[in-house]
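Quick notes on the structure that follows.
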Amino acid sequence: QMDAGLDPLTDALKASLDAFQGSDQEREALDKAYNEQEKVVDLLTKLEEQMVPAGYETPVPPEYSDLPQLKKRAKIQMVLKKGEPGAQFDINGVNFPQAKMTMVIDGYTAPVTGGNFVDLVNKGFYDNMKIQRSDGFVVQTGDPDGEAIGYTGGKPSKSIGAGPNGERLIPTEIFVRGDKGPFYESTIEDEGRGGEATVLPFSAYGAMGWARDEYDPNSGSSQFFWLLFDSDLTPAGKNVLDGRYPCFGYVVEGSDFLQDIKEGDVIVSAKVTEGLEYLKAPKE
């Protein structure tokens with residue numbers, strides 16, 4: 001099934017090489033290439049899940065049991081609109097009234113980070129929230145209005161504590177290849193393991209990372225970013241993100257919209273479309 005999907009993807013990519021010249025035929029070829037790519041990515045995701053042993057759960061230290069955890073994978077669909085009335089998203093010369101993106105959140109690699117995000121999405125925390133950063137490197141959001149810089153509706157973890165305004169904080173969570181589970185409250189450099197590869201690297205356009213204060217590994221709460229990956233500026237394993245910030249998912253559909261999502265644009269809605277049953281609620 002995977003091989004069958006790769007053949008039309010290759011043909012579609014060849015047909016779309018001149019798509020940016022702008023003809024209708026070339027635009028149609030590019031759209032077809034994107035559709036075939038998304039089908040292959042979905043098949044690859046399903047193949048990876050089938051390789052996970054039945055009943056497997058990534059081990060998480062018991063001190064984080066009072067934080068939400070994602071035991072497998074979940075899908076999120078997010079819809080955004082432009083901040084200016086009547087404005088549309090311009091994607092390679094084609095206008096769209098809304099940006100729609102689908103994300104896969106990986107609880108196998110980042111159970112605490114992924115669980116925190118899915119929990120906040122399910123609570124409607126990101127609905128009607130503005131994009132707060134778009135600088136050509138990342139697109140970032142998650143900072144609510146008011147003094148708090150994160151989510152304040154949940155009970156803080158006993159092991160991590162609360163932020164300065166009562167924010168629920170989560171620890172930095174890094175999963176290095178070859179390890180049996182992630183390590184917490186530290187970075188790959190702090191552990192003396194600089195240069196080692198992470199299980200889920202920042203290696204794709206639309207990779208999702210958890211934001212925090214640069215010098216405090218336990219300061220993340222609700223802010224996250226999408227990486228605008230560039231192989232020259234942010235090579236996998238050789239950038240300032242891998243092993244320092246948790247990568248907890250990827251955009252699998254609609255990542256092109258990230259190129260025109262700007263500060264002030266608004267998340268209309270964010271919904272969990274698959275995998276909510278894998279969200280484990282915090283223990284009291």
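Each chain of the structure tokens is named A, B, ... in the order shown, its residues numbered from 1; ligands are numbered from 1 in display order.
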### Message
Please extract the residues of stretch 77-262 of chain A with a backbone DSSP assignment of strand (DSSP E) and present them as a count of residues only.
### Response
46
Stretch 136-191 of chain A near stretch 255-271 of chain A within 12 Å: what's each residue's closest atom pair and its distance in Å to one decimal, counting only C-alpha atoms, ordered by chain then ascending residue number, as JSON lines?
{"residue": "A:Gly136", "atom": "CA", "partner": "A:Gln259", "partner_atom": "CA", "distance": 8.0}
{"residue": "A:Phe137", "atom": "CA", "partner": "A:Gln259", "partner_atom": "CA", "distance": 10.2}
{"residue": "A:Val138", "atom": "CA", "partner": "A:Leu258", "partner_atom": "CA", "distance": 9.0}
{"residue": "A:Val139", "atom": "CA", "partner": "A:Leu258", "partner_atom": "CA", "distance": 7.3}
{"residue": "A:Gln140", "atom": "CA", "partner": "A:Glu263", "partner_atom": "CA", "distance": 8.7}
{"residue": "A:Thr141", "atom": "CA", "partner": "A:Glu263", "partner_atom": "CA", "distance": 9.1}
{"residue": "A:Gly142", "atom": "CA", "partner": "A:Ile267", "partner_atom": "CA", "distance": 10.3}
Atoms kept (all heavy atoms) for selection, written as a CSV table (one decimal), in the first residue's frame:
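Done, and the output landed in result_1.csv:
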chain,number,residue,atom,x,y,z
A,136,GLY,N,9.5,34.2,10.6
A,136,GLY,CA,10.3,33.5,9.5
A,136,GLY,C,11.0,32.3,10.0
A,136,GLY,O,11.5,31.5,9.2
A,137,PHE,N,11.1,32.2,11.4
A,137,PHE,CA,11.7,31.0,12.0
A,137,PHE,C,10.7,30.1,12.6
A,137,PHE,O,10.7,28.9,12.4
A,137,PHE,CB,12.8,31.5,13.0
A,137,PHE,CG,13.5,30.4,13.7
A,137,PHE,CD1,14.2,29.4,13.0
A,137,PHE,CD2,13.4,30.3,15.1
A,137,PHE,CE1,14.9,28.4,13.7
A,137,PHE,CE2,14.1,29.3,15.8
A,137,PHE,CZ,14.8,28.3,15.1
A,138,VAL,N,9.8,30.7,13.4
A,138,VAL,CA,8.7,30.0,14.0
A,138,VAL,C,7.4,30.8,13.9
A,138,VAL,O,7.5,32.0,13.8
A,138,VAL,CB,9.0,29.6,15.5
A,138,VAL,CG1,10.2,28.8,15.6
A,138,VAL,CG2,9.1,30.9,16.3
A,139,VAL,N,6.3,30.1,14.1
A,139,VAL,CA,5.0,30.7,14.3
A,139,VAL,C,4.6,30.3,15.7
A,139,VAL,O,4.6,29.1,16.0
A,139,VAL,CB,4.0,30.3,13.3
A,139,VAL,CG1,2.6,30.8,13.7
A,139,VAL,CG2,4.4,30.8,11.9
A,140,GLN,N,4.3,31.2,16.6
A,140,GLN,CA,4.1,30.8,18.0
A,140,GLN,C,2.8,31.5,18.6
A,140,GLN,O,2.4,32.6,18.2
A,140,GLN,CB,5.2,31.3,18.8
A,140,GLN,CG,5.2,30.9,20.3
A,140,GLN,CD,6.5,31.1,21.0
A,140,GLN,OE1,7.6,30.9,20.5
A,140,GLN,NE2,6.4,31.6,22.3
A,141,THR,N,2.1,30.7,19.5
A,141,THR,CA,1.0,31.2,20.2
A,141,THR,C,0.9,30.5,21.5
A,141,THR,O,1.8,29.8,21.9
A,141,THR,CB,-0.3,30.9,19.3
A,141,THR,OG1,-1.4,31.6,19.9
A,141,THR,CG2,-0.6,29.4,19.2
A,142,GLY,N,-0.2,30.8,22.2
A,142,GLY,CA,-0.4,30.1,23.5
A,142,GLY,C,-0.3,31.0,24.7
A,142,GLY,O,-0.5,30.6,25.9
Which residues come within 6 Å of stretch 158-170 of chain A, counting only C-alpha atoms, excluding same-chain residues fewer than 6 positions away, as a tab-separated table (two decimals) with all heavy atoms, in the first residue's frame?
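Final file, selection_19.tsv:
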chain	number	residue	atom	x	y	z
A	148	ALA	N	-0.99	36.54	33.20
A	148	ALA	CA	-0.48	35.17	33.13
A	148	ALA	C	0.11	34.90	31.75
A	148	ALA	O	-0.38	35.41	30.73
A	148	ALA	CB	-1.60	34.18	33.42
A	150	GLY	N	0.56	31.70	30.72
A	150	GLY	CA	0.20	30.32	30.43
A	150	GLY	C	-1.17	29.99	30.98
A	150	GLY	O	-1.94	30.87	31.38
A	151	TYR	N	-1.46	28.71	31.02
A	151	TYR	CA	-2.76	28.21	31.46
A	151	TYR	C	-2.85	28.22	32.98
A	151	TYR	O	-1.99	27.69	33.68
A	151	TYR	CB	-2.95	26.79	30.93
A	151	TYR	CG	-4.18	26.09	31.43
A	151	TYR	CD1	-5.45	26.55	31.10
A	151	TYR	CD2	-4.07	24.96	32.25
A	151	TYR	CE1	-6.60	25.91	31.56
A	151	TYR	CE2	-5.21	24.30	32.71
A	151	TYR	CZ	-6.47	24.78	32.36
A	151	TYR	OH	-7.58	24.14	32.81
A	152	THR	N	-3.93	28.83	33.50
A	152	THR	CA	-4.09	28.95	34.94
A	152	THR	C	-5.31	28.20	35.47
A	152	THR	O	-5.62	28.29	36.65
A	152	THR	CB	-4.23	30.43	35.35
A	152	THR	OG1	-5.34	31.01	34.65
A	152	THR	CG2	-2.96	31.21	35.03
A	218	ASN	N	11.70	24.19	33.37
A	218	ASN	CA	10.37	23.87	33.90
A	218	ASN	C	9.41	25.04	33.81
A	218	ASN	O	8.50	25.18	34.64
A	218	ASN	CB	10.48	23.40	35.36
A	218	ASN	CG	11.21	22.09	35.50
A	218	ASN	OD1	11.30	21.31	34.56
A	218	ASN	ND2	11.75	21.84	36.68
A	219	SER	N	9.57	25.89	32.81
A	219	SER	CA	8.75	27.10	32.71
A	219	SER	C	7.70	27.03	31.60
A	219	SER	O	6.96	27.98	31.40
A	219	SER	CB	9.66	28.32	32.48
A	219	SER	OG	10.45	28.13	31.31
A	220	GLY	N	7.62	25.91	30.88
A	220	GLY	CA	6.60	25.79	29.85
A	220	GLY	C	5.22	25.62	30.45
A	220	GLY	O	5.06	24.99	31.50
A	221	SER	N	4.20	26.18	29.80
A	221	SER	CA	2.83	26.05	30.31
A	221	SER	C	1.85	25.77	29.17
A	221	SER	O	1.26	24.70	29.10
A	221	SER	CB	2.41	27.31	31.05
A	221	SER	OG	1.06	27.22	31.48
### Message
Residues near stretch 200-206 of chain A, anyone? I mean within 9 Å using only C-alpha atoms, not counting same-chain ones fewer than 3 positions away, as an MDAnalysis selection string.
### Response
chainID A and resid 103 106 109:110 138 175:177 197 209 225:231 234:237 239 241:243 246:252 255:256 258
Among stretch 23-251 of chain A, which ones does DSSP assign to alpha helix (DSSP H) (computed from the backbone)? Answer as a compact mmCIF listing (two decimals) with N, CA and C atoms, in the first residue's frame.
# COMPACT_ATOMS: atom_id res chain seq x y z
N ASP A 24 -3.17 27.26 -14.51
CA ASP A 24 -4.16 26.43 -13.83
C ASP A 24 -3.74 24.97 -13.83
N GLN A 25 -3.19 24.50 -14.95
CA GLN A 25 -2.77 23.10 -15.04
C GLN A 25 -1.64 22.80 -14.06
N GLU A 26 -0.71 23.74 -13.95
CA GLU A 26 0.41 23.55 -13.04
C GLU A 26 -0.05 23.63 -11.59
N ARG A 27 -0.99 24.52 -11.31
CA ARG A 27 -1.53 24.62 -9.97
C ARG A 27 -2.25 23.33 -9.58
N GLU A 28 -2.99 22.77 -10.54
CA GLU A 28 -3.70 21.52 -10.28
C GLU A 28 -2.70 20.39 -10.00
N ALA A 29 -1.58 20.40 -10.75
CA ALA A 29 -0.55 19.38 -10.53
C ALA A 29 0.06 19.50 -9.15
N LEU A 30 0.29 20.73 -8.70
CA LEU A 30 0.86 20.94 -7.37
C LEU A 30 -0.11 20.49 -6.29
N ASP A 31 -1.39 20.81 -6.46
CA ASP A 31 -2.39 20.37 -5.50
C ASP A 31 -2.43 18.85 -5.42
N LYS A 32 -2.34 18.20 -6.57
CA LYS A 32 -2.34 16.74 -6.60
C LYS A 32 -1.13 16.18 -5.87
N ALA A 33 0.02 16.83 -6.06
CA ALA A 33 1.24 16.39 -5.37
C ALA A 33 1.07 16.47 -3.86
N TYR A 34 0.49 17.57 -3.40
CA TYR A 34 0.27 17.73 -1.96
C TYR A 34 -0.68 16.66 -1.43
N ASN A 35 -1.74 16.38 -2.20
CA ASN A 35 -2.71 15.38 -1.76
C ASN A 35 -2.07 14.00 -1.65
N GLU A 36 -1.25 13.65 -2.65
CA GLU A 36 -0.59 12.35 -2.62
C GLU A 36 0.42 12.27 -1.48
N GLN A 37 1.10 13.39 -1.21
CA GLN A 37 2.06 13.43 -0.10
C GLN A 37 1.36 13.19 1.23
N GLU A 38 0.20 13.82 1.39
CA GLU A 38 -0.55 13.66 2.64
C GLU A 38 -1.02 12.22 2.82
N LYS A 39 -1.41 11.57 1.71
CA LYS A 39 -1.83 10.17 1.80
C LYS A 39 -0.67 9.28 2.26
N VAL A 40 0.53 9.51 1.71
CA VAL A 40 1.69 8.71 2.08
C VAL A 40 2.07 8.95 3.54
N VAL A 41 2.01 10.22 3.97
CA VAL A 41 2.33 10.53 5.38
C VAL A 41 1.35 9.81 6.31
N ASP A 42 0.07 9.79 5.94
CA ASP A 42 -0.92 9.12 6.77
C ASP A 42 -0.65 7.62 6.83
N LEU A 43 -0.27 7.02 5.70
CA LEU A 43 0.06 5.60 5.68
C LEU A 43 1.29 5.32 6.54
N LEU A 44 2.28 6.21 6.47
CA LEU A 44 3.50 6.03 7.26
C LEU A 44 3.18 6.10 8.75
N THR A 45 2.31 7.03 9.13
CA THR A 45 1.91 7.14 10.53
C THR A 45 1.24 5.86 11.01
N LYS A 46 0.35 5.31 10.18
CA LYS A 46 -0.33 4.07 10.55
C LYS A 46 0.66 2.91 10.65
N LEU A 47 1.65 2.89 9.74
CA LEU A 47 2.65 1.83 9.77
C LEU A 47 3.47 1.91 11.05
N GLU A 48 3.85 3.12 11.44
CA GLU A 48 4.62 3.30 12.68
C GLU A 48 3.82 2.82 13.89
N GLU A 49 2.52 3.13 13.90
CA GLU A 49 1.69 2.72 15.02
C GLU A 49 1.56 1.20 15.10
N GLN A 50 1.53 0.54 13.93
CA GLN A 50 1.43 -0.91 13.91
C GLN A 50 2.70 -1.58 14.43
N PRO A 111 4.83 12.08 26.10
CA PRO A 111 3.53 11.85 26.76
C PRO A 111 3.05 13.01 27.63
N VAL A 112 3.96 13.69 28.33
CA VAL A 112 3.55 14.80 29.19
C VAL A 112 3.28 16.05 28.36
N THR A 113 4.19 16.37 27.45
CA THR A 113 4.00 17.55 26.60
C THR A 113 2.77 17.38 25.71
N GLY A 114 2.68 16.21 25.06
CA GLY A 114 1.53 15.95 24.21
C GLY A 114 0.23 15.93 24.99
N GLY A 115 0.26 15.35 26.19
CA GLY A 115 -0.94 15.31 27.02
C GLY A 115 -1.39 16.69 27.45
N ASN A 116 -0.44 17.54 27.79
CA ASN A 116 -0.77 18.91 28.18
C ASN A 116 -1.43 19.66 27.03
N PHE A 117 -0.88 19.49 25.81
CA PHE A 117 -1.43 20.18 24.65
C PHE A 117 -2.83 19.68 24.32
N VAL A 118 -3.00 18.37 24.26
CA VAL A 118 -4.32 17.81 23.92
C VAL A 118 -5.35 18.20 24.98
N ASP A 119 -4.95 18.22 26.24
CA ASP A 119 -5.84 18.64 27.32
C ASP A 119 -6.29 20.08 27.11
N LEU A 120 -5.36 20.96 26.77
CA LEU A 120 -5.71 22.37 26.57
C LEU A 120 -6.59 22.56 25.34
N VAL A 121 -6.29 21.82 24.27
CA VAL A 121 -7.14 21.89 23.08
C VAL A 121 -8.55 21.44 23.43
N ASN A 122 -8.65 20.35 24.14
CA ASN A 122 -9.97 19.81 24.50
C ASN A 122 -10.75 20.76 25.40
### Message
Considering only C-alpha atoms, can you say which of A:Gln223, A:Ser157, A:Asn128, A:Asn92 comes closest to A:Glu284?
### Response
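Under the stated criterion, the closest residue is A:Ser157.
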### Polymer residues at most 6 Å from stretch 276-282 of chain A, only C-alpha atoms, same-chain spacing of 2 or more positions, as a ChimeraX atom specification
/A:65-72,274
Please write the residues from the selection above to a file, keeping N, CA and C atoms, as a PDB file, in the first residue's frame.
ATOM      1  N   SER A  65       2.441  12.245  37.605  1.00  0.00           N
ATOM      2  CA  SER A  65       1.110  11.656  37.437  1.00  0.00           C
ATOM      3  C   SER A  65      -0.008  12.679  37.659  1.00  0.00           C
ATOM      4  N   ASP A  66       0.332  13.837  38.263  1.00  0.00           N
ATOM      5  CA  ASP A  66      -0.684  14.871  38.457  1.00  0.00           C
ATOM      6  C   ASP A  66      -0.720  15.858  37.293  1.00  0.00           C
ATOM      7  N   LEU A  67      -0.149  15.463  36.156  1.00  0.00           N
ATOM      8  CA  LEU A  67      -0.227  16.230  34.919  1.00  0.00           C
ATOM      9  C   LEU A  67      -0.905  15.371  33.847  1.00  0.00           C
ATOM     10  N   PRO A  68      -1.600  15.982  32.892  1.00  0.00           N
ATOM     11  CA  PRO A  68      -2.221  15.193  31.822  1.00  0.00           C
ATOM     12  C   PRO A  68      -1.146  14.455  31.021  1.00  0.00           C
ATOM     13  N   GLN A  69      -1.481  13.261  30.552  1.00  0.00           N
ATOM     14  CA  GLN A  69      -0.542  12.472  29.744  1.00  0.00           C
ATOM     15  C   GLN A  69      -1.274  11.865  28.555  1.00  0.00           C
ATOM     16  N   LEU A  70      -0.593  11.851  27.419  1.00  0.00           N
ATOM     17  CA  LEU A  70      -1.132  11.241  26.204  1.00  0.00           C
ATOM     18  C   LEU A  70      -0.432   9.904  25.998  1.00  0.00           C
ATOM     19  N   LYS A  71      -1.191   8.809  26.018  1.00  0.00           N
ATOM     20  CA  LYS A  71      -0.607   7.475  26.010  1.00  0.00           C
ATOM     21  C   LYS A  71      -0.303   6.950  24.609  1.00  0.00           C
ATOM     22  N   LYS A  72      -0.964   7.491  23.597  1.00  0.00           N
ATOM     23  CA  LYS A  72      -0.666   7.094  22.211  1.00  0.00           C
ATOM     24  C   LYS A  72      -0.601   8.350  21.362  1.00  0.00           C
ATOM     25  N   GLU A 274      -9.157  12.843  16.741  1.00  0.00           N
ATOM     26  CA  GLU A 274      -8.875  11.424  16.973  1.00  0.00           C
ATOM     27  C   GLU A 274      -7.967  11.297  18.199  1.00  0.00           C
TER      28      GLU A 274
END
